[in-house]
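Undergrad: The following file, target-v1.txt, comprises compact mmCIF, C-alpha atoms:
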# COMPACT_ATOMS: atom_id res chain seq x y z
CA MET Y 1 141.51 123.68 92.11
CA CYS Y 2 143.93 125.85 90.21
CA LEU Y 3 145.50 122.78 88.69
CA ALA Y 4 145.83 123.26 84.97
CA ILE Y 5 147.87 121.22 82.56
CA PRO Y 6 149.32 122.21 79.16
CA GLY Y 7 147.55 120.63 76.21
CA LYS Y 8 147.62 120.94 72.45
CA VAL Y 9 144.74 122.28 70.39
CA ILE Y 10 143.82 119.57 67.89
CA SER Y 11 140.63 121.01 66.40
CA LEU Y 12 138.33 124.00 66.41
CA GLU Y 13 134.71 123.03 66.92
CA GLY Y 14 133.00 126.39 66.39
CA ASN Y 15 130.99 128.36 68.93
CA GLY Y 16 134.20 129.33 70.71
CA THR Y 17 135.11 125.75 71.56
CA GLY Y 18 137.75 123.26 70.48
CA LYS Y 19 139.37 119.97 71.32
CA VAL Y 20 142.51 119.85 73.41
CA LYS Y 21 144.72 116.82 73.84
CA TYR Y 22 146.67 116.41 77.02
CA LEU Y 23 148.29 113.53 78.83
CA GLY Y 24 146.71 111.12 76.36
CA SER Y 25 143.11 112.27 76.67
CA THR Y 26 141.08 114.62 74.52
CA VAL Y 27 138.68 117.12 76.04
CA LEU Y 28 136.35 119.73 74.66
CA ALA Y 29 137.36 123.12 75.99
CA ASN Y 30 135.87 126.58 75.82
CA PHE Y 31 138.16 129.05 74.01
CA SER Y 32 136.14 132.21 74.70
CA LEU Y 33 138.74 133.63 77.09
CA ILE Y 34 141.52 133.45 74.48
CA PRO Y 35 140.75 134.85 71.09
CA ASP Y 36 142.41 133.56 67.92
CA LEU Y 37 143.54 130.12 69.02
CA LYS Y 38 144.71 127.90 66.18
CA VAL Y 39 145.19 124.17 65.74
CA GLY Y 40 148.68 123.32 67.01
CA ASP Y 41 148.72 126.00 69.73
CA TRP Y 42 149.47 124.90 73.27
CA VAL Y 43 147.10 126.07 75.97
CA ILE Y 44 146.53 125.83 79.69
CA VAL Y 45 143.03 124.51 80.42
CA HIS Y 46 141.32 125.01 83.77
CA ALA Y 47 137.86 123.63 84.60
CA GLY Y 48 136.90 123.40 80.94
CA PHE Y 49 138.22 126.81 79.88
CA ALA Y 50 141.47 127.61 78.09
CA ILE Y 51 142.94 130.44 80.17
CA SER Y 52 146.37 130.96 78.62
CA LYS Y 53 148.25 130.29 75.42
CA LEU Y 54 151.76 128.96 75.98
CA ASP Y 55 154.59 131.09 74.67
CA GLN Y 56 157.13 128.86 73.00
CA LYS Y 57 159.84 131.51 72.95
CA GLU Y 58 159.62 132.03 76.70
CA ALA Y 59 159.62 128.27 77.33
CA ARG Y 60 162.79 127.92 75.23
CA ARG Y 61 164.39 130.79 77.13
CA THR Y 62 163.80 129.04 80.46
CA LEU Y 63 165.11 125.74 79.11
CA LYS Y 64 168.21 127.53 77.86
CA LEU Y 65 168.65 128.99 81.32
CA PHE Y 66 168.62 125.50 82.81
CA LYS Y 67 171.30 124.43 80.36
CA GLU Y 68 173.46 127.40 81.24
CA MET Y 69 172.95 127.05 84.94
CA GLU Y 70 176.18 125.25 85.54
CA LYS Y 71 178.11 128.26 84.34
CA LEU Y 72 175.68 130.60 86.05
CA SER Y 73 176.02 129.11 89.52
CA ALA Y 74 179.80 129.12 89.17
CA ILE Y 75 179.76 132.88 88.57
CA GLU Y 76 177.61 133.78 91.59
CA MET P 1 155.90 112.46 65.05
CA ILE P 2 157.06 114.55 67.93
CA SER P 3 157.31 118.16 66.92
CA LYS P 4 159.91 120.52 68.31
CA LYS P 5 157.12 122.40 69.99
CA SER P 6 155.90 119.45 72.01
CA GLN P 7 159.47 118.76 73.12
CA THR P 8 159.72 122.34 74.30
CA PHE P 9 156.74 121.91 76.58
CA ALA P 10 157.50 118.34 77.64
CA LEU P 11 157.12 118.08 81.39
CA ASN P 12 160.41 116.15 81.65
CA ASN P 13 162.26 119.37 80.93
CA TRP P 14 160.93 120.84 84.16
CA ARG P 15 161.36 117.74 86.28
CA SER P 16 164.86 116.42 85.67
CA ARG P 17 167.10 115.52 88.57
CA GLU P 18 169.97 117.54 87.07
CA THR P 19 167.94 120.74 86.77
CA VAL P 20 166.46 120.39 90.24
CA GLY P 21 169.93 119.76 91.71
CA LYS P 22 171.41 122.79 89.98
CA LEU P 23 168.55 125.01 91.14
CA LEU P 24 169.00 123.85 94.74
CA GLU P 25 172.71 124.71 94.48
CA LEU P 26 171.78 128.12 93.16
CA ILE P 27 169.40 128.68 96.08
CA ALA P 28 172.07 127.56 98.56
CA SER P 29 174.59 129.98 97.04
CA ARG P 30 172.16 132.78 97.87
CA THR P 31 170.86 131.73 101.29
CA ARG P 32 174.48 131.60 102.47
CA PHE P 33 174.23 135.36 102.85
CA LEU P 34 170.92 135.30 104.71
CA LYS P 35 169.67 134.47 108.17
CA THR P 36 168.19 130.99 107.84
CA PRO P 37 165.75 129.44 107.71
CA VAL P 38 164.28 131.85 105.20
CA LYS P 39 160.50 131.52 105.52
CA ILE P 40 158.67 131.72 102.22
CA MET P 41 154.94 131.27 101.79
CA GLU P 42 153.67 129.31 98.81
CA VAL P 43 150.26 130.88 98.46
CA CYS P 44 148.73 128.27 96.16
CA GLY P 45 147.68 124.76 97.13
CA THR P 46 148.91 123.39 93.83
CA HIS P 47 152.40 124.63 94.74
CA THR P 48 152.04 122.85 98.08
CA MET P 49 151.31 119.71 96.09
CA THR P 50 154.41 120.13 93.90
CA LEU P 51 156.62 120.67 96.96
CA HIS P 52 155.38 117.47 98.61
CA ARG P 53 154.86 115.27 95.60
CA PHE P 54 158.40 115.77 94.32
CA GLY P 55 159.98 115.65 97.77
CA LEU P 56 161.25 119.22 97.60
CA LYS P 57 160.45 120.31 101.17
CA PRO P 58 163.28 118.42 102.93
CA LEU P 59 165.70 119.34 100.13
CA LEU P 60 164.82 123.00 100.55
CA LYS P 61 165.29 122.76 104.30
CA GLN P 62 168.84 121.60 103.65
CA VAL P 63 169.53 124.80 101.71
CA GLY P 64 168.00 127.03 104.39
CA VAL P 65 164.48 127.55 103.06
CA GLU P 66 161.33 126.75 105.00
CA MET P 67 158.15 126.70 102.95
CA ILE P 68 154.87 127.67 104.62
CA SER P 69 151.53 126.82 103.01
CA GLY P 70 149.18 129.71 102.44
CA PRO P 71 145.43 130.12 101.99
CA GLY P 72 145.38 129.04 98.34
CA CYS P 73 142.75 126.34 98.45
CA PRO P 74 139.26 127.67 97.68
CA VAL P 75 137.49 124.63 99.10
CA CYS P 76 139.42 125.10 102.36
CA ILE P 77 138.71 128.78 102.87
CA THR P 78 135.00 128.65 102.01
CA PRO P 79 133.16 128.73 105.35
CA ASP P 80 130.81 125.90 106.30
CA TYR P 81 127.74 128.09 106.03
CA PHE P 82 127.93 128.16 102.23
CA HIS P 83 127.63 124.37 102.27
CA GLU P 84 124.93 124.49 104.93
CA ALA P 85 122.87 126.95 102.87
CA ILE P 86 122.96 124.73 99.77
CA ILE P 87 122.31 121.61 101.90
CA ASP P 88 119.24 123.32 103.40
CA LEU P 89 118.04 124.16 99.91
CA ILE P 90 118.53 120.76 98.27
CA THR P 91 116.95 118.92 101.21
CA SER P 92 113.90 121.19 101.39
CA GLN P 93 113.09 122.03 97.78
CA SER P 94 112.20 119.69 94.95
CA ASN P 95 112.90 120.20 91.26
CA LEU P 96 116.54 121.26 91.72
CA ILE P 97 119.74 120.01 90.15
CA VAL P 98 122.69 121.27 92.20
CA CYS P 99 125.95 121.04 90.26
CA THR P 100 129.39 121.44 91.77
CA PHE P 101 133.02 120.34 91.54
CA GLY P 102 133.72 116.94 93.12
CA ASP P 103 135.63 117.92 96.24
CA MET P 104 132.98 120.46 97.26
CA THR P 105 130.57 117.60 97.90
CA ARG P 106 132.73 116.03 100.59
CA VAL P 107 133.24 118.98 102.94
CA PRO P 108 131.88 118.00 106.36
CA THR P 109 129.61 120.46 108.15
CA PRO P 110 127.37 120.16 111.22
CA LYS P 111 124.56 119.49 108.72
CA GLY P 112 126.45 116.74 106.92
CA ALA P 113 128.18 116.88 103.53
CA LEU P 114 126.47 117.50 100.19
CA GLN P 115 127.43 113.99 99.18
CA THR P 116 125.76 112.32 102.16
CA VAL P 117 122.56 114.33 102.66
CA VAL P 118 119.41 113.06 100.96
CA PRO P 119 117.97 115.57 98.50
CA LYS P 120 114.25 116.27 98.55
CA LYS P 121 112.34 114.05 96.10
CA GLY P 122 112.73 115.42 92.57
CA SER P 123 116.03 117.14 93.35
CA LYS P 124 119.55 115.80 92.88
CA LEU P 125 123.24 116.55 93.15
CA GLN P 126 125.42 116.40 90.03
CA ILE P 127 129.20 116.53 90.01
CA VAL P 128 130.60 118.42 87.02
CA TYR P 129 134.05 119.05 85.61
CA SER P 130 133.22 122.39 84.00
CA PRO P 131 130.58 124.97 84.93
CA GLU P 132 129.48 124.78 81.30
CA GLU P 133 128.07 121.32 81.98
CA ALA P 134 125.67 122.92 84.45
CA LEU P 135 124.62 125.42 81.80
CA GLU P 136 124.02 122.60 79.35
CA LEU P 137 121.83 120.84 81.94
CA ALA P 138 119.78 124.03 82.23
CA ARG P 139 119.24 124.09 78.47
CA GLU P 140 118.29 120.40 78.39
CA ASN P 141 115.99 120.49 81.43
CA PRO P 142 113.81 123.60 81.15
CA GLU P 143 111.42 122.18 83.76
CA LYS P 144 114.20 121.92 86.38
CA GLU P 145 116.09 124.64 88.22
CA ILE P 146 119.86 124.30 87.92
CA ILE P 147 122.20 125.78 90.51
CA PHE P 148 125.95 125.73 90.05
CA PHE P 149 127.74 125.91 93.41
CA GLY P 150 131.31 126.99 92.84
CA ALA P 151 134.20 128.18 94.95
CA GLY P 152 137.21 129.64 93.26
CA PHE P 153 139.98 132.17 92.96
CA GLU P 154 140.71 134.41 90.01
CA THR P 155 141.69 131.32 87.97
CA THR P 156 138.22 129.79 88.15
CA ILE P 157 136.07 132.92 88.41
CA PRO P 158 136.06 133.84 84.69
CA GLY P 159 134.80 130.42 83.55
CA ILE P 160 131.98 130.39 86.07
CA THR P 161 131.10 134.00 85.29
CA PHE P 162 131.03 133.16 81.59
CA THR P 163 128.12 130.78 82.24
CA ALA P 164 126.09 133.57 83.88
CA LYS P 165 126.73 135.78 80.89
CA LYS P 166 125.62 133.03 78.52
CA ALA P 167 122.49 132.40 80.61
CA PHE P 168 121.74 136.14 80.49
CA GLN P 169 122.21 136.26 76.71
CA GLU P 170 120.10 133.15 76.15
CA LYS P 171 117.47 134.35 78.66
CA LEU P 172 117.72 131.06 80.54
CA SER P 173 115.39 131.51 83.48
CA ASN P 174 116.23 128.22 85.25
CA PHE P 175 119.95 128.74 85.90
CA SER P 176 121.75 130.38 88.81
CA LEU P 177 125.09 130.41 90.62
CA LEU P 178 125.98 130.10 94.27
CA THR P 179 129.42 131.59 94.21
CA ALA P 180 132.20 131.70 96.76
CA PHE P 181 134.59 133.89 94.78
CA TRP P 182 137.84 134.84 96.51
CA LEU P 183 140.56 137.32 95.56
CA ILE P 184 144.19 136.56 96.38
CA PRO P 185 145.85 140.02 96.69
CA PRO P 186 143.62 141.27 99.58
CA ALA P 187 144.23 137.97 101.40
CA LEU P 188 147.99 138.45 101.04
CA GLU P 189 147.69 141.89 102.60
CA ALA P 190 145.64 140.45 105.48
CA ILE P 191 148.31 137.81 106.11
CA ILE P 192 151.10 140.40 106.04
CA ASN P 193 149.17 142.66 108.41
CA SER P 194 148.27 139.90 110.84
CA GLN P 195 151.98 139.85 111.79
CA GLU P 196 151.57 136.39 113.26
CA LEU P 197 154.11 135.01 110.82
CA ALA P 198 157.58 136.17 110.01
CA ILE P 199 157.34 135.63 106.26
CA SER P 200 160.24 136.85 104.13
CA GLY P 201 158.61 136.47 100.74
CA PHE P 202 155.96 134.87 98.57
CA ILE P 203 155.66 132.42 95.73
CA TYR P 204 152.66 133.83 93.90
CA PRO P 205 150.08 131.47 92.39
CA GLY P 206 150.82 130.91 88.71
CA HIS P 207 147.33 130.35 87.42
CA VAL P 208 145.70 133.13 89.44
CA SER P 209 148.41 135.29 87.85
CA VAL P 210 147.43 134.07 84.37
CA ILE P 211 144.23 136.04 84.91
CA ILE P 212 145.35 139.07 86.99
CA GLY P 213 148.92 139.57 85.70
CA GLU P 214 151.82 141.00 87.69
CA LYS P 215 150.60 144.39 88.84
CA PRO P 216 148.12 143.44 91.59
CA TYR P 217 151.04 142.12 93.69
CA SER P 218 153.16 145.26 93.44
CA PHE P 219 151.94 146.57 96.82
CA VAL P 220 153.71 143.64 98.52
CA ALA P 221 157.10 144.90 97.34
CA GLN P 222 156.36 148.62 97.37
CA LYS P 223 154.35 149.03 100.56
CA TYR P 224 155.73 146.16 102.63
CA GLY P 225 159.20 145.66 101.13
CA LEU P 226 158.67 141.93 100.64
CA PRO P 227 159.94 139.99 97.61
CA GLY P 228 157.84 137.63 95.53
CA ALA P 229 157.85 135.62 92.33
CA ILE P 230 155.09 134.27 90.11
CA ALA P 231 155.90 130.62 89.50
CA GLY P 232 154.60 127.63 87.58
CA PHE P 233 153.88 124.21 88.97
CA GLU P 234 156.66 121.90 87.87
CA PRO P 235 159.52 121.31 90.33
CA ALA P 236 161.93 123.53 88.40
CA ASP P 237 159.29 126.27 88.16
CA VAL P 238 158.82 126.42 91.92
CA LEU P 239 162.57 126.30 92.57
CA LEU P 240 163.15 129.10 90.05
CA GLY P 241 160.63 131.16 92.00
CA ILE P 242 162.36 130.44 95.30
CA ALA P 243 165.75 131.24 93.75
CA SER P 244 164.33 134.59 92.68
CA VAL P 245 162.90 135.37 96.13
CA VAL P 246 166.19 134.61 97.92
CA LYS P 247 168.08 136.69 95.34
CA GLN P 248 165.75 139.62 95.98
CA LEU P 249 166.35 139.17 99.71
CA LYS P 250 170.12 138.95 99.30
CA ASP P 251 170.24 142.05 97.10
CA ASN P 252 167.59 143.81 99.21
CA LYS P 253 165.63 144.58 96.04
CA PRO P 254 162.07 143.40 96.51
CA GLU P 255 159.96 143.21 93.36
CA VAL P 256 157.33 141.14 91.60
CA ASP P 257 159.34 138.71 89.50
CA ASN P 258 157.71 136.44 86.95
CA VAL P 259 159.49 133.14 86.32
CA TYR P 260 156.43 131.64 84.59
CA LYS P 261 156.56 133.84 81.51
CA ARG P 262 155.72 130.99 79.15
CA VAL P 263 152.20 131.10 80.61
CA VAL P 264 151.71 134.38 82.52
CA ARG P 265 151.57 137.69 80.62
CA PRO P 266 152.39 140.86 82.58
CA GLU P 267 148.92 142.26 81.91
CA GLY P 268 147.11 138.98 82.68
CA ASN P 269 144.21 137.69 80.58
CA THR P 270 142.51 140.91 79.50
CA GLN P 271 139.54 139.05 78.02
CA ALA P 272 138.84 137.41 81.38
CA LEU P 273 139.40 140.63 83.33
CA THR P 274 136.96 142.50 81.11
CA LEU P 275 134.32 139.82 81.65
CA MET P 276 134.84 139.96 85.41
CA SER P 277 134.55 143.73 85.66
CA GLU P 278 131.49 143.68 83.41
CA MET P 279 129.59 141.11 85.48
CA LEU P 280 130.97 141.24 89.03
CA GLU P 281 131.46 143.65 91.90
CA GLU P 282 133.80 143.56 94.89
CA VAL P 283 132.44 142.69 98.32
CA ASP P 284 133.88 142.13 101.78
CA ALA P 285 134.28 138.40 102.22
CA ASP P 286 134.62 136.03 105.14
CA TRP P 287 137.54 133.55 104.82
CA ARG P 288 137.80 130.50 107.00
CA GLY P 289 140.70 131.16 109.36
CA LEU P 290 141.32 134.71 108.19
CA GLY P 291 137.93 136.26 108.95
CA VAL P 292 136.34 139.12 107.02
CA ILE P 293 138.76 140.79 104.61
CA PRO P 294 137.62 144.03 102.95
CA ARG P 295 136.94 143.79 99.21
CA SER P 296 138.34 140.28 99.00
CA GLY P 297 135.37 138.67 97.29
CA LEU P 298 133.30 139.08 94.15
CA GLN P 299 129.62 138.62 93.47
CA LEU P 300 127.30 139.16 90.51
CA LYS P 301 126.21 142.77 90.05
CA PRO P 302 122.60 143.53 91.05
CA VAL P 303 121.54 143.71 87.39
CA TYR P 304 122.32 139.95 87.14
CA ALA P 305 120.56 139.15 90.45
CA GLN P 306 118.30 136.55 88.86
CA PHE P 307 121.38 134.40 88.23
CA ASP P 308 122.58 134.75 91.82
CA ALA P 309 121.23 131.82 93.83
CA ARG P 310 121.83 133.75 97.05
CA ARG P 311 119.31 136.41 96.07
CA ARG P 312 117.06 134.15 94.03
CA TYR P 313 116.43 131.69 96.87
CA GLY P 314 116.96 134.12 99.75
CA LEU P 315 119.87 132.04 101.07
CA LYS P 316 121.13 133.12 104.45
CA LEU P 317 124.90 133.02 104.46
CA LEU P 318 125.60 133.71 108.08
CA PRO P 319 128.23 132.29 110.37
CA GLY P 320 126.65 129.47 112.35
CA LYS P 321 127.68 127.92 115.62
CA ILE P 322 131.28 126.85 115.63
CA THR P 323 131.43 123.14 116.26
CA ALA P 324 133.75 121.69 118.84
CA SER P 325 135.31 119.13 116.51
CA GLY P 326 138.80 120.42 117.31
CA CYS P 327 139.57 120.89 113.61
CA ARG P 328 142.27 123.51 113.16
CA CYS P 329 141.89 124.09 109.43
CA GLY P 330 141.76 127.83 110.08
CA ASP P 331 145.22 127.86 111.66
CA VAL P 332 146.62 125.63 108.90
CA ILE P 333 145.25 128.03 106.28
CA LYS P 334 146.89 130.97 108.01
CA GLY P 335 150.19 129.07 108.08
CA LEU P 336 150.27 129.23 111.90
CA ILE P 337 150.54 125.49 112.33
CA SER P 338 151.55 122.61 110.08
CA PRO P 339 148.93 119.87 109.57
CA GLN P 340 150.90 117.56 111.87
CA GLU P 341 150.43 120.01 114.73
CA CYS P 342 146.65 119.57 114.61
CA PRO P 343 145.57 117.04 117.24
CA LEU P 344 143.11 115.45 114.80
CA PHE P 345 145.56 115.01 111.91
CA ALA P 346 145.90 111.39 110.75
CA ARG P 347 144.30 110.15 113.98
CA VAL P 348 140.60 110.92 113.67
CA CYS P 349 140.88 113.13 110.57
CA GLN P 350 141.78 111.09 107.50
CA PRO P 351 141.02 111.28 103.77
CA ASP P 352 138.27 108.66 104.16
CA ASN P 353 136.72 110.49 107.07
CA PRO P 354 137.77 114.13 106.88
CA LYS P 355 136.90 116.45 109.77
CA GLY P 356 137.66 119.62 107.89
CA PRO P 357 138.07 120.91 104.32
CA CYS P 358 141.89 120.90 104.41
CA MET P 359 141.67 117.08 104.47
CA VAL P 360 139.07 117.06 101.66
CA SER P 361 140.51 119.15 98.87
CA TYR P 362 143.26 117.89 96.59
CA GLU P 363 144.90 121.22 97.34
CA GLY P 364 144.28 121.07 101.07
CA ALA P 365 147.50 121.19 103.09
CA CYS P 366 146.33 118.33 105.33
CA LEU P 367 145.43 115.91 102.55
CA ILE P 368 148.69 116.69 100.73
CA GLU P 369 150.72 116.15 103.89
CA TYR P 370 148.85 112.91 104.60
CA LYS P 371 149.41 111.59 101.09
CA TYR P 372 153.02 112.47 100.55
CA SER P 373 154.71 112.78 103.93
CA SER P 374 156.31 109.45 104.77
CA GLY P 375 157.46 110.86 108.09
CA ALA P 376 153.89 111.59 109.20
CA LYS P 377 153.12 110.60 112.78
CA ARG P 378 150.44 108.04 112.09
How does the structure come out when it is put into structure tokens?
TA:
Amino acid sequence: MCLAIPGKVISLEGNGTGKVKYLGSTVLANFSLIPDLKVGDWVIVHAGFAISKLDQKEARRTLKLFKEMEKLSAIE
Amino acid sequence: MISKKSQTFALNNWRSRETVGKLLELIASRTRFLKTPVKIMEVCGTHTMTLHRFGLKPLLKQVGVEMISGPGCPVCITPDYFHEAIIDLITSQSNLIVCTFGDMTRVPTPKGALQTVVPKKGSKLQIVYSPEEALELARENPEKEIIFFGAGFETTIPGITFTAKKAFQEKLSNFSLLTAFWLIPPALEAIINSQELAISGFIYPGHVSVIIGEKPYSFVAQKYGLPGAIAGFEPADVLLGIASVVKQLKDNKPEVDNVYKRVVRPEGNTQALTLMSEMLEEVDADWRGLGVIPRSGLQLKPVYAQFDARRRYGLKLLPGKITASGCRCGDVIKGLISPQECPLFARVCQPDNPKGPCMVSYEGACLIEYKYSSGAKR
């Protein structure tokens, strides 16, 4: 039930809603729980509601960590 | 055109064989210093799914980590009598549209399942994807009474609660909620206190944490000295969380780590939390398997009673007779037994003919084990 997949905001439809594209399908989602979403933002949608905006900087940081892991595990 | 941003979030980045292999090595380098197997509870059913779907459980065993499934499946922990109350209502009263999420309709009870009972003439059952669809039905069908029946943790609670707020604002008199709202932190404390399991740490549910943030788990580290990490749902996310827990164990520095920072903010979703505290109040709640846990549930405040189906229809939510089906969902939820240790598993209890909710829900430990475990005794 807590399954939620990242999707990209492709339009704002007014009334606190917008369209989100993920895994090839487009759904109408409610944006009331996250103020100030913009087209192009990535969000996590759960049961029709966007509940979190993805933070690109943090995602990059984790990916960088993966890349550096070889060195990292050698140090430990 | 693929933007840089979409590459950043591409799922492949969190699923690659190389990354998973390196993370397993990292975990092994830490469990070397610990008494193994290190038992870690993944609280959330969606984590259980990741562990099975990507074949991580046997790989983790090889590096000294045993994962135990927790109570994180709302369909599983909702007692039968919620279903029985709504079944009684839909079979005795006309003019109703009962809306719910798909898996809720298949939970077997002594009175049947929502999907198989015959509603009273003029009433019907409607499966919805979002609680907002139920609200829309209420607007479109003023002559009908719409009830949304929803079970959920902190992840799902704000969306459902939002519909009650909307109904209140729009003065919709034909809409109500039957809620089974559950809170994760009190359940964690109940599991720790039950002392039936020797758990060394927790993987906290990522999307519950989206709403509540990091702080509500701090008692686990501070009061009980147990480590934990908030993790996402891709293979590398879960392994990062486990790597953090074993590091905390090795260094003897329990804390609430967050390895899902791209999605979970330390303070949670303040908008959602404000909505919840505005509309809902804490109540003692009865979990399947765990029993009554103080202040572990939420319900609409009395001022919104007209939107609470329980009060509106005088539903009696009382424990009924326990049936002798032999289903051990309760023990699976508590992590006391694995699904394969239940005598019904895969023999009489199967996805087509489930005997308990753990075989119904996509997040139920039994269904997940049945689907993904090739070594299942069938």
Undergrad: Atom CA of Y:Gly48 to atom CA of P:Thr109: how many Å, to one decimal?
TA: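 Answer for the atom CA of Y:Gly48 to atom CA of P:Thr109 separation: 28.3 Å.
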Undergrad: Using all atoms listed in the file, which chain Y residues lie at most 7 Å away from chain P, written as a list of chain:residue names?
TA: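 Residues of chain Y within 7 Å of chain P, counting all atoms listed in the file: Y:Met1, Y:Cys2, Y:Leu3, Y:Leu33, Y:Ile34, Y:Ala47, Y:Gly48, Y:Phe49, Y:Ser52, Y:Lys53, Y:Leu54, Y:Asp55, Y:Gln56, Y:Glu58, Y:Ala59, Y:Arg60, Y:Phe66, Y:Met69, Y:Glu70, Y:Ser73.
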Undergrad: For Y:Ala4, find every residue with an atom within 6 Å (counting all atoms listed in the file), except residues of its own chain fewer than 3 positions away, and show them as an NGL selection string.
TA: :Y and (44-46)
Undergrad: Please, what distance in Å, to one decimal, runs between atom CA of P:Pro235 and atom CA of P:Leu24?
TA: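 A separation of 10.8 Å between them.
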Undergrad: Distance cut-off 6 Å, centre (149.8, 122.2, 104.3) in file coordinates, counting all atoms listed in the file: which residues qualify? Return them as a PyMOL selection string.
TA: chain P and resi 69+339+365-366
Undergrad: State, in Å with one decimal place, the distance from atom CA of P:Leu135 to atom CA of Y:Gly24.
TA: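 Atom CA of Y:Gly24 lies 26.9 Å from atom CA of P:Leu135.
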Undergrad: Stretch 193-201 of chain P: which residues within 9 Å, counting only C-alpha atoms, same-chain residues fewer than 3 positions away excluded, as a JSON list (two decimals) with C-alpha atoms, in the coordinates of the input?
TA:
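File out.json, as written:
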[["chain", "number", "residue", "atom", "x", "y", "z"],
["P", 38, "VAL", "CA", 164.28, 131.85, 105.20],
["P", 39, "LYS", "CA", 160.50, 131.52, 105.52],
["P", 40, "ILE", "CA", 158.67, 131.72, 102.22],
["P", 41, "MET", "CA", 154.94, 131.27, 101.79],
["P", 42, "GLU", "CA", 153.67, 129.31, 98.81],
["P", 68, "ILE", "CA", 154.87, 127.67, 104.62],
["P", 188, "LEU", "CA", 147.99, 138.45, 101.04],
["P", 189, "GLU", "CA", 147.69, 141.89, 102.60],
["P", 190, "ALA", "CA", 145.64, 140.45, 105.48],
["P", 220, "VAL", "CA", 153.71, 143.64, 98.52],
["P", 226, "LEU", "CA", 158.67, 141.93, 100.64],
["P", 227, "PRO", "CA", 159.94, 139.99, 97.61],
["P", 228, "GLY", "CA", 157.84, 137.63, 95.53],
["P", 229, "ALA", "CA", 157.85, 135.62, 92.33],
["P", 242, "ILE", "CA", 162.36, 130.44, 95.30],
["P", 245, "VAL", "CA", 162.90, 135.37, 96.13],
["P", 246, "VAL", "CA", 166.19, 134.61, 97.92],
["P", 249, "LEU", "CA", 166.35, 139.17, 99.71],
["P", 254, "PRO", "CA", 162.07, 143.40, 96.51],
["P", 334, "LYS", "CA", 146.89, 130.97, 108.01],
["P", 335, "GLY", "CA", 150.19, 129.07, 108.08],
["P", 336, "LEU", "CA", 150.27, 129.23, 111.90]]
Undergrad: Which of these residues is nearest to P:Glu145, using all atoms listed in the file: P:Arg288, P:Arg53, P:Arg312, P:Lys35?
TA: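 Among the listed residues, P:Arg312 lies closest to P:Glu145.
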Undergrad: Padding 5 Å on every side, please: axis-aligned box over the listed atoms of stretch 6-11 of chain Y, centre and edge lengths to one decimal in Å, as lines of an AutoDock Vina configuration file.
TA:
center_x = 145.0
center_y = 120.9
center_z = 72.8
size_x = 18.7
size_y = 12.7
size_z = 22.8
Undergrad: Select, from P:Phe219, P:Phe82, P:Phe181, P:Phe168, the residue with the minimum atom-to-atom distance to P:Ser296, counting all atoms listed in the file.
TA: P:Phe181
